file query_15.cif (mmCIF, C-alpha atoms)
data_entry
loop_
_atom_site.label_atom_id
_atom_site.label_comp_id
_atom_site.auth_asym_id
_atom_site.auth_seq_id
_atom_site.Cartn_x
_atom_site.Cartn_y
_atom_site.Cartn_z
CA MET A 19 -44.69 60.98 -18.25
CA LYS A 20 -41.83 59.21 -19.96
CA TYR A 21 -41.19 59.69 -23.67
CA THR A 22 -38.15 57.82 -24.97
CA ARG A 23 -36.70 58.28 -28.44
CA THR A 24 -37.70 54.71 -29.23
CA MET A 25 -41.33 55.50 -28.44
CA LEU A 26 -41.18 58.74 -30.38
CA SER A 27 -39.69 56.95 -33.38
CA PHE A 28 -42.44 54.33 -33.28
CA MET A 29 -45.18 56.93 -32.97
CA ALA A 30 -43.70 59.06 -35.74
CA THR A 31 -43.50 56.09 -38.09
CA ALA A 32 -47.05 55.08 -37.28
CA ALA A 33 -48.23 58.64 -37.83
CA CYS A 34 -46.61 58.94 -41.23
CA VAL A 35 -47.86 55.56 -42.41
CA ALA A 36 -51.38 56.14 -41.15
CA ALA A 37 -51.63 59.73 -42.31
CA ALA A 38 -50.29 59.41 -45.86
CA PRO A 39 -53.41 58.08 -47.64
CA ALA A 40 -55.79 60.29 -45.66
CA LEU A 41 -53.83 63.48 -46.31
CA ALA A 42 -53.42 62.97 -50.06
CA GLN A 43 -56.64 64.85 -50.97
CA CYS A 44 -56.45 67.58 -48.33
CA ASP A 45 -55.94 70.70 -50.45
CA TRP A 46 -57.81 73.53 -48.66
CA LYS A 47 -55.88 76.83 -48.77
CA PRO A 48 -56.62 80.04 -46.85
CA GLU A 49 -57.60 83.07 -48.89
CA ARG A 50 -56.47 85.64 -46.32
CA PRO A 51 -53.99 85.86 -43.42
CA VAL A 52 -54.17 83.29 -40.61
CA THR A 53 -53.83 84.07 -36.89
CA TYR A 54 -51.57 81.71 -34.92
CA VAL A 55 -52.31 82.04 -31.18
CA VAL A 56 -49.56 81.31 -28.65
CA PRO A 57 -50.84 81.05 -25.04
CA TRP A 58 -47.44 81.89 -23.53
CA GLY A 59 -45.04 84.84 -23.55
CA ALA A 60 -42.61 85.84 -26.28
CA GLY A 61 -39.12 84.38 -26.05
CA GLY A 62 -39.98 80.99 -24.58
CA GLY A 63 -39.83 77.60 -26.27
CA THR A 64 -43.48 77.53 -27.28
CA ASP A 65 -43.15 80.96 -28.86
CA ALA A 66 -39.94 80.06 -30.72
CA ASN A 67 -41.32 76.80 -32.10
CA SER A 68 -44.59 78.47 -33.09
CA ARG A 69 -42.94 81.35 -34.90
CA MET A 70 -40.68 79.02 -36.85
CA LEU A 71 -43.57 76.75 -37.80
CA ALA A 72 -45.72 79.76 -38.75
CA SER A 73 -43.03 80.95 -41.17
CA LEU A 74 -42.89 77.50 -42.80
CA LEU A 75 -46.68 77.24 -42.97
CA GLU A 76 -46.70 80.55 -44.84
CA GLN A 77 -44.58 78.89 -47.51
CA GLN A 78 -46.88 75.87 -47.62
CA LEU A 79 -50.18 77.79 -47.60
CA GLY A 80 -49.33 80.94 -49.54
CA GLN A 81 -50.77 83.35 -46.96
CA PRO A 82 -49.26 85.22 -43.98
CA VAL A 83 -49.49 83.34 -40.68
CA ASN A 84 -49.37 85.96 -37.93
CA VAL A 85 -48.29 84.88 -34.45
CA VAL A 86 -50.16 86.52 -31.57
CA ASN A 87 -49.20 85.94 -27.93
CA ARG A 88 -52.33 85.72 -25.76
CA THR A 89 -51.04 85.23 -22.23
CA GLY A 90 -52.87 85.22 -18.91
CA GLY A 91 -54.96 83.02 -16.69
CA ASN A 92 -52.27 80.36 -16.39
CA GLY A 93 -52.69 79.58 -20.07
CA VAL A 94 -56.48 79.72 -20.03
CA VAL A 95 -56.71 82.95 -22.06
CA GLY A 96 -54.69 81.73 -25.03
CA HIS A 97 -56.10 78.22 -25.05
CA SER A 98 -59.63 79.61 -24.89
CA ALA A 99 -58.84 81.86 -27.85
CA ILE A 100 -57.82 78.79 -29.86
CA ALA A 101 -60.69 76.58 -28.75
CA THR A 102 -63.51 79.09 -29.21
CA ALA A 103 -62.41 80.74 -32.46
CA GLN A 104 -64.46 80.27 -35.59
CA PRO A 105 -63.46 76.84 -36.96
CA ASP A 106 -63.03 78.27 -40.45
CA GLY A 107 -59.27 77.77 -40.72
CA TYR A 108 -58.27 81.35 -40.01
CA THR A 109 -57.30 80.78 -36.37
CA ILE A 110 -54.98 78.00 -35.22
CA GLY A 111 -52.52 77.92 -32.35
CA SER A 112 -50.15 76.22 -29.97
CA ALA A 113 -52.18 74.05 -27.65
CA THR A 114 -49.58 72.95 -25.11
CA VAL A 115 -49.57 70.27 -22.44
CA GLU A 116 -51.49 72.65 -20.15
CA ILE A 117 -54.65 71.94 -22.16
CA THR A 118 -54.57 68.55 -20.41
CA THR A 119 -54.00 69.94 -16.90
CA MET A 120 -55.90 73.24 -16.50
CA HIS A 121 -59.23 71.53 -15.83
CA HIS A 122 -57.65 69.28 -13.19
CA ALA A 123 -56.46 72.45 -11.42
CA GLY A 124 -59.96 73.90 -11.45
CA LEU A 125 -58.91 76.86 -13.60
CA THR A 126 -61.40 76.18 -16.38
CA GLU A 127 -63.66 73.51 -17.80
CA LEU A 128 -61.64 73.71 -21.02
CA ASN A 129 -59.69 70.55 -21.87
CA HIS A 130 -58.05 68.70 -24.75
CA THR A 131 -61.43 67.67 -26.19
CA ASN A 132 -62.20 71.35 -26.89
CA VAL A 133 -59.53 71.74 -29.57
CA THR A 134 -58.87 69.98 -32.87
CA PRO A 135 -55.39 68.40 -32.65
CA ILE A 136 -53.49 68.81 -35.93
CA ALA A 137 -49.87 67.77 -35.35
CA LEU A 138 -47.24 67.39 -32.65
CA VAL A 139 -44.61 70.12 -32.82
CA ASP A 140 -42.28 69.18 -29.97
CA ILE A 141 -41.72 66.95 -26.96
CA VAL A 142 -39.73 68.82 -24.34
CA PRO A 143 -38.33 67.20 -21.18
CA ALA A 144 -37.93 69.52 -18.20
CA SER A 145 -34.68 70.50 -16.50
CA ILE A 146 -33.42 71.89 -13.22
CA LEU A 147 -31.51 75.15 -13.68
CA VAL A 148 -29.74 77.45 -11.22
CA SER A 149 -27.82 80.69 -11.71
CA LYS A 150 -24.10 80.73 -12.39
CA ASP A 151 -23.54 82.06 -8.85
CA SER A 152 -25.67 79.41 -7.16
CA PRO A 153 -23.96 77.42 -4.39
CA PHE A 154 -25.52 74.25 -5.81
CA ASN A 155 -23.51 72.23 -8.31
CA SER A 156 -25.59 69.05 -8.34
CA LEU A 157 -29.19 68.01 -7.95
CA ASP A 158 -28.28 66.08 -4.80
CA GLU A 159 -26.96 69.28 -3.19
CA LEU A 160 -30.09 71.19 -4.11
CA LEU A 161 -32.45 68.53 -2.78
CA ALA A 162 -30.46 68.11 0.41
CA ASN A 163 -30.77 71.83 1.12
CA ALA A 164 -34.50 71.84 0.33
CA LYS A 165 -34.99 68.87 2.65
CA GLU A 166 -33.10 70.51 5.51
CA ASN A 167 -34.66 73.95 4.96
CA PRO A 168 -38.14 73.39 3.54
CA GLY A 169 -39.66 76.51 2.02
CA SER A 170 -36.44 78.54 2.02
CA LEU A 171 -35.78 78.04 -1.71
CA THR A 172 -38.00 79.32 -4.51
CA GLY A 173 -38.62 78.00 -8.00
CA SER A 174 -40.30 79.24 -11.16
CA GLY A 175 -40.90 78.42 -14.80
CA THR A 176 -44.60 78.83 -15.52
CA ALA A 177 -47.92 79.50 -13.83
CA GLN A 178 -49.09 77.76 -10.65
CA GLY A 179 -50.07 74.25 -11.68
CA GLY A 180 -48.34 74.57 -15.07
CA ILE A 181 -46.21 71.81 -16.49
CA TRP A 182 -42.88 73.14 -15.17
CA HIS A 183 -44.46 73.47 -11.73
CA LEU A 184 -45.56 69.83 -12.00
CA ALA A 185 -42.02 68.93 -13.04
CA LEU A 186 -40.49 70.38 -9.86
CA ALA A 187 -43.25 69.52 -7.38
CA GLY A 188 -43.70 66.06 -8.86
CA MET A 189 -39.97 65.38 -8.54
CA LEU A 190 -39.99 66.44 -4.88
CA ASN A 191 -43.02 64.26 -4.22
CA ALA A 192 -41.46 61.29 -6.01
CA GLU A 193 -38.39 61.68 -3.81
CA GLY A 194 -40.50 61.51 -0.67
CA MET A 195 -40.29 65.23 0.05
CA ASP A 196 -42.97 67.85 0.61
CA PRO A 197 -43.91 69.18 -2.86
CA GLN A 198 -43.80 72.66 -1.30
CA ALA A 199 -40.23 72.22 -0.04
CA ILE A 200 -39.22 74.55 -2.89
CA ARG A 201 -41.85 77.31 -3.00
CA TRP A 202 -43.29 78.02 -6.44
CA ILE A 203 -43.29 81.60 -7.78
CA PRO A 204 -45.63 81.82 -10.80
CA SER A 205 -44.45 83.39 -14.06
CA ASP A 206 -45.94 83.84 -17.52
CA GLY A 207 -43.41 81.49 -19.10
CA ALA A 208 -39.91 80.07 -19.17
CA ALA A 209 -38.19 83.14 -20.61
CA SER A 210 -39.29 85.48 -17.82
CA ALA A 211 -38.57 82.82 -15.19
CA MET A 212 -35.01 82.36 -16.43
CA GLN A 213 -34.43 86.12 -16.43
CA GLU A 214 -35.69 86.20 -12.84
CA LEU A 215 -33.30 83.34 -12.05
CA ILE A 216 -30.35 85.26 -13.52
CA ALA A 217 -31.38 88.36 -11.55
CA GLY A 218 -31.48 86.40 -8.29
CA GLY A 219 -35.22 86.65 -7.78
CA VAL A 220 -35.65 82.88 -7.54
CA ASP A 221 -33.29 80.03 -6.74
CA VAL A 222 -34.36 77.39 -9.28
CA ALA A 223 -36.10 77.21 -12.64
CA SER A 224 -37.48 74.04 -14.20
CA PRO A 225 -38.24 74.77 -17.87
CA ALA A 226 -37.44 72.64 -20.88
CA LEU A 227 -33.70 72.10 -21.21
CA SER A 228 -33.96 73.34 -24.80
CA GLU A 229 -35.34 76.67 -23.54
CA GLY A 230 -32.28 77.19 -21.36
CA LYS A 231 -29.69 75.90 -23.84
CA ALA A 232 -28.32 79.29 -24.94
CA LEU A 233 -28.04 80.59 -21.37
CA ILE A 234 -26.37 77.36 -20.24
CA GLU A 235 -23.84 77.53 -23.07
CA SER A 236 -23.13 81.20 -22.34
CA GLY A 237 -22.46 80.40 -18.69
CA GLU A 238 -25.34 82.47 -17.30
CA LEU A 239 -27.10 79.37 -15.95
CA LYS A 240 -26.02 75.96 -14.64
CA ALA A 241 -28.05 72.86 -15.48
CA LEU A 242 -28.19 70.35 -12.63
CA ALA A 243 -30.46 67.78 -14.26
CA TYR A 244 -32.43 66.79 -17.36
CA MET A 245 -35.79 65.10 -16.65
CA HIS A 246 -35.45 62.34 -19.20
CA THR A 247 -34.29 58.76 -19.60
CA GLU A 248 -31.42 59.65 -21.97
CA ARG A 249 -28.93 62.50 -21.87
CA ASN A 250 -29.44 65.35 -24.29
CA ALA A 251 -27.15 64.99 -27.31
CA ALA A 252 -26.51 68.74 -27.46
CA LEU A 253 -25.65 68.97 -23.72
CA PRO A 254 -24.33 65.49 -22.89
CA ASP A 255 -22.64 66.45 -19.61
CA ILE A 256 -25.94 67.13 -17.87
CA PRO A 257 -27.11 64.08 -15.88
CA THR A 258 -30.64 62.76 -16.23
CA THR A 259 -33.03 62.43 -13.33
CA ALA A 260 -33.55 58.82 -14.39
CA GLU A 261 -29.91 58.07 -13.59
CA THR A 262 -29.59 60.40 -10.59
CA LEU A 263 -32.75 59.99 -8.53
CA ASP A 264 -33.90 56.95 -6.59
CA SER A 265 -37.39 57.53 -7.99
CA HIS A 266 -36.10 57.80 -11.59
CA TRP A 267 -38.62 60.65 -12.01
CA THR A 268 -38.95 62.09 -15.54
CA LEU A 269 -41.39 64.52 -17.12
CA ALA A 270 -41.84 66.02 -20.57
CA ALA A 271 -44.17 68.67 -21.92
CA PHE A 272 -45.43 68.93 -25.47
CA ILE A 273 -46.34 71.59 -27.99
CA THR A 274 -48.95 71.04 -30.68
CA VAL A 275 -50.48 72.94 -33.52
CA SER A 276 -54.23 72.69 -33.02
CA GLY A 277 -57.40 74.31 -34.27
CA PRO A 278 -60.69 75.33 -32.68
CA GLU A 279 -63.24 72.78 -31.60
CA GLY A 280 -65.33 71.56 -34.52
CA MET A 281 -62.87 72.47 -37.27
CA ASP A 282 -63.91 71.12 -40.66
CA PRO A 283 -62.02 67.85 -41.29
CA GLU A 284 -60.89 69.02 -44.74
CA ILE A 285 -59.38 72.18 -43.25
CA ALA A 286 -57.81 70.29 -40.32
CA CYS A 287 -56.20 67.67 -42.54
CA SER A 288 -54.92 70.37 -44.90
CA TYR A 289 -53.11 71.97 -41.97
CA GLU A 290 -51.85 68.55 -40.89
CA LYS A 291 -50.48 67.91 -44.36
CA ALA A 292 -48.77 71.34 -44.40
CA ALA A 293 -47.31 70.90 -40.90
CA LEU A 294 -45.90 67.45 -41.62
CA ALA A 295 -44.35 68.79 -44.84
CA ALA A 296 -42.80 71.67 -42.85
CA PHE A 297 -41.28 69.18 -40.42
CA ASP A 298 -39.52 67.50 -43.35
CA THR A 299 -37.67 70.66 -44.38
CA GLN A 300 -34.02 71.39 -43.75
CA GLU A 301 -35.01 74.72 -42.20
CA TRP A 302 -36.97 72.90 -39.49
CA ALA A 303 -34.19 70.36 -38.92
CA ASP A 304 -31.63 73.16 -38.53
CA PHE A 305 -33.92 75.06 -36.16
CA LYS A 306 -34.45 72.03 -33.94
CA ALA A 307 -30.73 71.25 -33.92
CA SER A 308 -29.96 74.83 -32.86
CA ARG A 309 -32.20 74.32 -29.83
CA GLY A 310 -30.78 70.91 -28.95
CA SER A 311 -34.06 69.18 -29.80
CA ASP A 312 -34.98 66.26 -32.02
CA VAL A 313 -37.41 66.51 -34.92
CA VAL A 314 -40.63 64.68 -34.06
CA LYS A 315 -43.53 63.87 -36.36
CA MET A 316 -46.97 62.84 -35.25
CA GLY A 317 -50.29 63.39 -36.98
CA SER A 318 -53.72 64.15 -35.59
CA GLU A 319 -54.93 60.63 -34.81
CA GLU A 320 -51.96 59.65 -32.66
CA LEU A 321 -51.79 63.12 -31.12
CA THR A 322 -55.42 62.92 -30.02
CA SER A 323 -54.69 59.64 -28.20
CA MET A 324 -51.52 61.02 -26.62
CA MET A 325 -53.32 64.10 -25.29
CA ALA A 326 -56.01 61.94 -23.69
CA ALA A 327 -53.40 59.72 -22.02
CA THR A 328 -51.47 62.75 -20.81
CA SER A 329 -54.60 64.20 -19.23
CA ASP A 330 -55.11 61.00 -17.26
CA ASN A 331 -51.46 60.67 -16.19
CA LEU A 332 -50.87 64.27 -15.17
CA GLY A 333 -54.23 64.38 -13.41
CA GLU A 334 -52.97 61.59 -11.17
CA THR A 335 -49.73 63.49 -10.52
CA MET A 336 -51.63 66.64 -9.61
CA LYS A 337 -53.78 64.72 -7.16
CA ALA A 338 -50.67 63.22 -5.58
CA ILE A 339 -49.11 66.62 -4.94
CA GLY A 340 -52.36 68.22 -3.81
CA ILE A 341 -53.08 70.73 -6.57
CA ALA A 342 -55.99 69.00 -8.29
CA LYS A 343 -59.45 70.40 -7.56
#

call {"tool": "encode", "arguments": {"input": "query_15.cif", "output": "structure tokens"}}
result
Amino acid sequence: MKYTRTMLSFMATAACVAAAPALAQCDWKPERPVTYVVPWGAGGGTDANSRMLASLLEQQLGQPVNVVNRTGGNGVVGHSAIATAQPDGYTIGSATVEITTMHHAGLTELNHTNVTPIALVDIVPASILVSKDSPFNSLDELLANAKENPGSLTGSGTAQGGIWHLALAGMLNAEGMDPQAIRWIPSDGAASAMQELIAGGVDVASPALSEGKALIESGELKALAYMHTERNAALPDIPTTAETLDSHWTLAAFITVSGPEGMDPEIACSYEKAALAAFDTQEWADFKASRGSDVVKMGSEELTSMMAATSDNLGETMKAIGIAK
């Protein structure tokens, strides 16, 4: 999965142009508080983005938007809560890239067609992080050790088969190594995985670079690589996998705001209108800058297509590394 800024810019422009006429009449407003379901733990990137967006949606919609973390089942619990809620506008949530992979892993029959995509919140390339005391100071050193001592190193970042697992295992596979050369230790999200990394419980974490930014800047973690085609503007000294690896492997996750399956189009487009307006605010721009991330804008039509393509592409990756059912 390769998402360049050029592609994002094109998709964002297309989304704004296509969405403007359709969204003009979308004026549904909730009459009571809204529940915003986050399928992952508090403190991670999905949680942070969701809480910030929820606060801005409150301003747009005039009702409280209450964030609820529904973790468990490798993301199945929270995504099921979004997909199967009453499609009346009072439950929305953060459908993440895992909605396109969980069914490939045999965890559930739930997939991206079971939610109503509203807007893209973030595109987040993965990273390779180690603790400040790690003996590894480059990705080459890490991979050389994993090749010589397969299974001796451990990695974490999400559940088994989650996107950050695919990031690490897919990279190993692309480099001609056993995808199990670094053993995966499941976690309920990036925040807990990075704390385990700091504590010495695992050797590597592979979350979004933006999720580790504060710990990298404080010196608690070292970033060996950024799984993207361009260096991160906020952390420009970290090399990309595209420039470092022979395979040029890259991988990015995404976060959306989505509704239940079968949501009324008037309600869905009202949320889309509110989300896109929130993304235009200075508060959102400042928040994204603080995390070292770019502002992205994509409406429901383009997002629906992107989710379908992601399901196909990551399904192929999962088959290649032997974790598709």

call {"tool": "closest_residue", "arguments": {"input": "query_15.cif", "among": "A:Ile146, A:Met195, A:Ile339, A:Ile285", "to": "Glu229 of chain A", "atoms": "only C-alpha atoms"}}
result
A:Ile146

call {"tool": "atom_distance", "arguments": {"input": "query_15.cif", "atom1": "atom CA of Ser73 of chain A", "atom2": "atom CA of Ala296 of chain A"}}
result
9.4 Å

call {"tool": "residues_around", "arguments": {"input": "query_15.cif", "residues": "Leu190 of chain A", "least_positions_apart": "3", "cutoff": "12 Å", "atoms": "only C-alpha atoms", "output": "PyMOL selection string"}}
result
chain A and resi 146+157-158+160-162+164-165+168+183-187+193-201+259+263-268+335+338-339

call {"tool": "resolve_selection", "arguments": {"input": "query_15.cif", "expression": "the PyMOL selection byres ((chain A and resi 149) around 8)", "output": "list in words"}}
result
Leu147, Val148, Lys150, Asp151, Ser152, Leu215, Ile216, Gly218, Asp221, Val222, Glu238, Leu239 and Lys240 of chain A

call {"tool": "closest_residue", "arguments": {"input": "query_15.cif", "among": "A:Val314, A:Val85, A:Leu79, A:Ala137", "to": "Arg50 of chain A", "atoms": "all atoms listed in the file"}}
result
A:Leu79

call {"tool": "residues_around", "arguments": {"input": "query_15.cif", "residues": "segment 109-113 of chain A", "least_positions_apart": "5", "cutoff": "7 Å", "atoms": "only C-alpha atoms", "output": "list in words"}}
result
Val52, Thr53, Tyr54, Val55, Val56, Pro57, Ser68, His97, Ile100, Ala103, Ile273, Thr274, Val275, Ser276, Gly277 and Pro278 of chain A

call {"tool": "closest_residue", "arguments": {"input": "query_15.cif", "among": "A:Trp58, A:Tyr244, A:Phe305, A:Phe154", "to": "Gly180 of chain A", "atoms": "all atoms listed in the file"}}
result
A:Trp58

call {"tool": "closest_residue", "arguments": {"input": "query_15.cif", "among": "A:Asn92, A:Asn132, A:Thr247, A:Ser308", "to": "Pro105 of chain A", "atoms": "all atoms listed in the file"}}
result
A:Asn132

call {"tool": "closest_residue", "arguments": {"input": "query_15.cif", "among": "A:Gly230, A:Gly124, A:Gly317, A:Gly62", "to": "Tyr289 of chain A", "atoms": "all atoms listed in the file"}}
result
A:Gly317

call {"tool": "closest_residue", "arguments": {"input": "query_15.cif", "among": "A:Lys291, A:Ala101, A:Ser174, A:Pro48", "to": "Pro82 of chain A", "atoms": "all atoms listed in the file"}}
result
A:Pro48

call {"tool": "atom_distance", "arguments": {"input": "query_15.cif", "atom1": "atom CA of Ile203 of chain A", "atom2": "atom CA of Thr172 of chain A"}}
result
6.6 Å

call {"tool": "residues_near_point", "arguments": {"input": "query_15.cif", "point": "(-52.0, 84.1, -18.2)", "cutoff": "12 Å", "atoms": "all atoms listed in the file", "output": "PDB file with C-alpha atoms, in the frame of the given file"}}
result
ATOM      1  CA  VAL A  56     -49.560  81.310 -28.650  1.00  0.00           C
ATOM      2  CA  PRO A  57     -50.840  81.050 -25.040  1.00  0.00           C
ATOM      3  CA  TRP A  58     -47.440  81.890 -23.530  1.00  0.00           C
ATOM      4  CA  GLY A  59     -45.040  84.840 -23.550  1.00  0.00           C
ATOM      5  CA  ASN A  87     -49.200  85.940 -27.930  1.00  0.00           C
ATOM      6  CA  ARG A  88     -52.330  85.720 -25.760  1.00  0.00           C
ATOM      7  CA  THR A  89     -51.040  85.230 -22.230  1.00  0.00           C
ATOM      8  CA  GLY A  90     -52.870  85.220 -18.910  1.00  0.00           C
ATOM      9  CA  GLY A  91     -54.960  83.020 -16.690  1.00  0.00           C
ATOM     10  CA  ASN A  92     -52.270  80.360 -16.390  1.00  0.00           C
ATOM     11  CA  GLY A  93     -52.690  79.580 -20.070  1.00  0.00           C
ATOM     12  CA  VAL A  94     -56.480  79.720 -20.030  1.00  0.00           C
ATOM     13  CA  VAL A  95     -56.710  82.950 -22.060  1.00  0.00           C
ATOM     14  CA  GLY A  96     -54.690  81.730 -25.030  1.00  0.00           C
ATOM     15  CA  HIS A  97     -56.100  78.220 -25.050  1.00  0.00           C
ATOM     16  CA  SER A  98     -59.630  79.610 -24.890  1.00  0.00           C
ATOM     17  CA  GLU A 116     -51.490  72.650 -20.150  1.00  0.00           C
ATOM     18  CA  MET A 120     -55.900  73.240 -16.500  1.00  0.00           C
ATOM     19  CA  LEU A 125     -58.910  76.860 -13.600  1.00  0.00           C
ATOM     20  CA  THR A 176     -44.600  78.830 -15.520  1.00  0.00           C
ATOM     21  CA  ALA A 177     -47.920  79.500 -13.830  1.00  0.00           C
ATOM     22  CA  GLN A 178     -49.090  77.760 -10.650  1.00  0.00           C
ATOM     23  CA  GLY A 179     -50.070  74.250 -11.680  1.00  0.00           C
ATOM     24  CA  GLY A 180     -48.340  74.570 -15.070  1.00  0.00           C
ATOM     25  CA  PRO A 204     -45.630  81.820 -10.800  1.00  0.00           C
ATOM     26  CA  SER A 205     -44.450  83.390 -14.060  1.00  0.00           C
ATOM     27  CA  ASP A 206     -45.940  83.840 -17.520  1.00  0.00           C
ATOM     28  CA  GLY A 207     -43.410  81.490 -19.100  1.00  0.00           C
TER      29      GLY A 207
END

call {"tool": "atom_distance", "arguments": {"input": "query_15.cif", "atom1": "atom CA of Ala270 of chain A", "atom2": "atom CA of Ile117 of chain A"}}
result
14.2 Å

call {"tool": "resolve_selection", "arguments": {"input": "query_15.cif", "expression": "the PyMOL selection byres ((chain A and resi 306) around 12)", "output": "count of residues only"}}
result
30

call {"tool": "residues_around", "arguments": {"input": "query_15.cif", "residues": "Pro257 of chain A", "least_positions_apart": "3", "cutoff": "10 Å", "atoms": "only C-alpha atoms", "output": "PDB file with C-alpha atoms, in the coordinates of the input"}}
result
ATOM      1  CA  SER A 145     -34.680  70.500 -16.500  1.00  0.00           C
ATOM      2  CA  SER A 156     -25.590  69.050  -8.340  1.00  0.00           C
ATOM      3  CA  LEU A 157     -29.190  68.010  -7.950  1.00  0.00           C
ATOM      4  CA  ALA A 241     -28.050  72.860 -15.480  1.00  0.00           C
ATOM      5  CA  LEU A 242     -28.190  70.350 -12.630  1.00  0.00           C
ATOM      6  CA  ALA A 243     -30.460  67.780 -14.260  1.00  0.00           C
ATOM      7  CA  TYR A 244     -32.430  66.790 -17.360  1.00  0.00           C
ATOM      8  CA  MET A 245     -35.790  65.100 -16.650  1.00  0.00           C
ATOM      9  CA  HIS A 246     -35.450  62.340 -19.200  1.00  0.00           C
ATOM     10  CA  THR A 247     -34.290  58.760 -19.600  1.00  0.00           C
ATOM     11  CA  GLU A 248     -31.420  59.650 -21.970  1.00  0.00           C
ATOM     12  CA  ARG A 249     -28.930  62.500 -21.870  1.00  0.00           C
ATOM     13  CA  ASN A 250     -29.440  65.350 -24.290  1.00  0.00           C
ATOM     14  CA  LEU A 253     -25.650  68.970 -23.720  1.00  0.00           C
ATOM     15  CA  PRO A 254     -24.330  65.490 -22.890  1.00  0.00           C
ATOM     16  CA  ALA A 260     -33.550  58.820 -14.390  1.00  0.00           C
ATOM     17  CA  GLU A 261     -29.910  58.070 -13.590  1.00  0.00           C
ATOM     18  CA  THR A 262     -29.590  60.400 -10.590  1.00  0.00           C
TER      19      THR A 262
END

call {"tool": "build_atoms", "arguments": {"input": "query_15.cif", "residues": "segment 82-97 of chain A", "atoms": "N, CA and C atoms", "output": "PDB file, in the frame of the given file"}}
result
ATOM      1  N   PRO A  82     -49.938  84.910 -45.245  1.00  0.00           N
ATOM      2  CA  PRO A  82     -49.260  85.220 -43.980  1.00  0.00           C
ATOM      3  C   PRO A  82     -49.889  84.453 -42.814  1.00  0.00           C
ATOM      4  N   VAL A  83     -49.039  83.986 -41.913  1.00  0.00           N
ATOM      5  CA  VAL A  83     -49.490  83.340 -40.680  1.00  0.00           C
ATOM      6  C   VAL A  83     -48.928  84.171 -39.539  1.00  0.00           C
ATOM      7  N   ASN A  84     -49.790  84.960 -38.904  1.00  0.00           N
ATOM      8  CA  ASN A  84     -49.370  85.960 -37.930  1.00  0.00           C
ATOM      9  C   ASN A  84     -49.474  85.427 -36.506  1.00  0.00           C
ATOM     10  N   VAL A  85     -48.336  85.382 -35.821  1.00  0.00           N
ATOM     11  CA  VAL A  85     -48.290  84.880 -34.450  1.00  0.00           C
ATOM     12  C   VAL A  85     -48.734  85.970 -33.481  1.00  0.00           C
ATOM     13  N   VAL A  86     -49.650  85.603 -32.593  1.00  0.00           N
ATOM     14  CA  VAL A  86     -50.160  86.520 -31.570  1.00  0.00           C
ATOM     15  C   VAL A  86     -50.036  85.839 -30.215  1.00  0.00           C
ATOM     16  N   ASN A  87     -49.333  86.471 -29.285  1.00  0.00           N
ATOM     17  CA  ASN A  87     -49.200  85.940 -27.930  1.00  0.00           C
ATOM     18  C   ASN A  87     -50.394  86.390 -27.102  1.00  0.00           C
ATOM     19  N   ARG A  88     -51.163  85.423 -26.597  1.00  0.00           N
ATOM     20  CA  ARG A  88     -52.330  85.720 -25.760  1.00  0.00           C
ATOM     21  C   ARG A  88     -52.096  85.072 -24.398  1.00  0.00           C
ATOM     22  N   THR A  89     -51.406  85.779 -23.530  1.00  0.00           N
ATOM     23  CA  THR A  89     -51.040  85.230 -22.230  1.00  0.00           C
ATOM     24  C   THR A  89     -52.106  85.573 -21.189  1.00  0.00           C
ATOM     25  N   GLY A  90     -51.985  84.921 -20.034  1.00  0.00           N
ATOM     26  CA  GLY A  90     -52.870  85.220 -18.910  1.00  0.00           C
ATOM     27  C   GLY A  90     -53.691  84.030 -18.483  1.00  0.00           C
ATOM     28  N   GLY A  91     -54.101  84.076 -17.225  1.00  0.00           N
ATOM     29  CA  GLY A  91     -54.960  83.020 -16.690  1.00  0.00           C
ATOM     30  C   GLY A  91     -54.302  81.666 -16.639  1.00  0.00           C
ATOM     31  N   ASN A  92     -52.989  81.641 -16.448  1.00  0.00           N
ATOM     32  CA  ASN A  92     -52.270  80.360 -16.390  1.00  0.00           C
ATOM     33  C   ASN A  92     -52.444  79.549 -17.670  1.00  0.00           C
ATOM     34  N   GLY A  93     -52.524  80.253 -18.789  1.00  0.00           N
ATOM     35  CA  GLY A  93     -52.690  79.580 -20.070  1.00  0.00           C
ATOM     36  C   GLY A  93     -54.126  79.513 -20.552  1.00  0.00           C
ATOM     37  N   VAL A  94     -55.057  79.834 -19.678  1.00  0.00           N
ATOM     38  CA  VAL A  94     -56.480  79.720 -20.030  1.00  0.00           C
ATOM     39  C   VAL A  94     -56.849  80.702 -21.142  1.00  0.00           C
ATOM     40  N   VAL A  95     -56.330  81.924 -21.083  1.00  0.00           N
ATOM     41  CA  VAL A  95     -56.710  82.950 -22.060  1.00  0.00           C
ATOM     42  C   VAL A  95     -56.362  82.511 -23.484  1.00  0.00           C
ATOM     43  N   GLY A  96     -55.112  82.119 -23.691  1.00  0.00           N
ATOM     44  CA  GLY A  96     -54.690  81.730 -25.030  1.00  0.00           C
ATOM     45  C   GLY A  96     -55.350  80.460 -25.522  1.00  0.00           C
ATOM     46  N   HIS A  97     -55.459  79.470 -24.644  1.00  0.00           N
ATOM     47  CA  HIS A  97     -56.100  78.220 -25.050  1.00  0.00           C
ATOM     48  C   HIS A  97     -57.584  78.428 -25.357  1.00  0.00           C
TER      49      HIS A  97
END
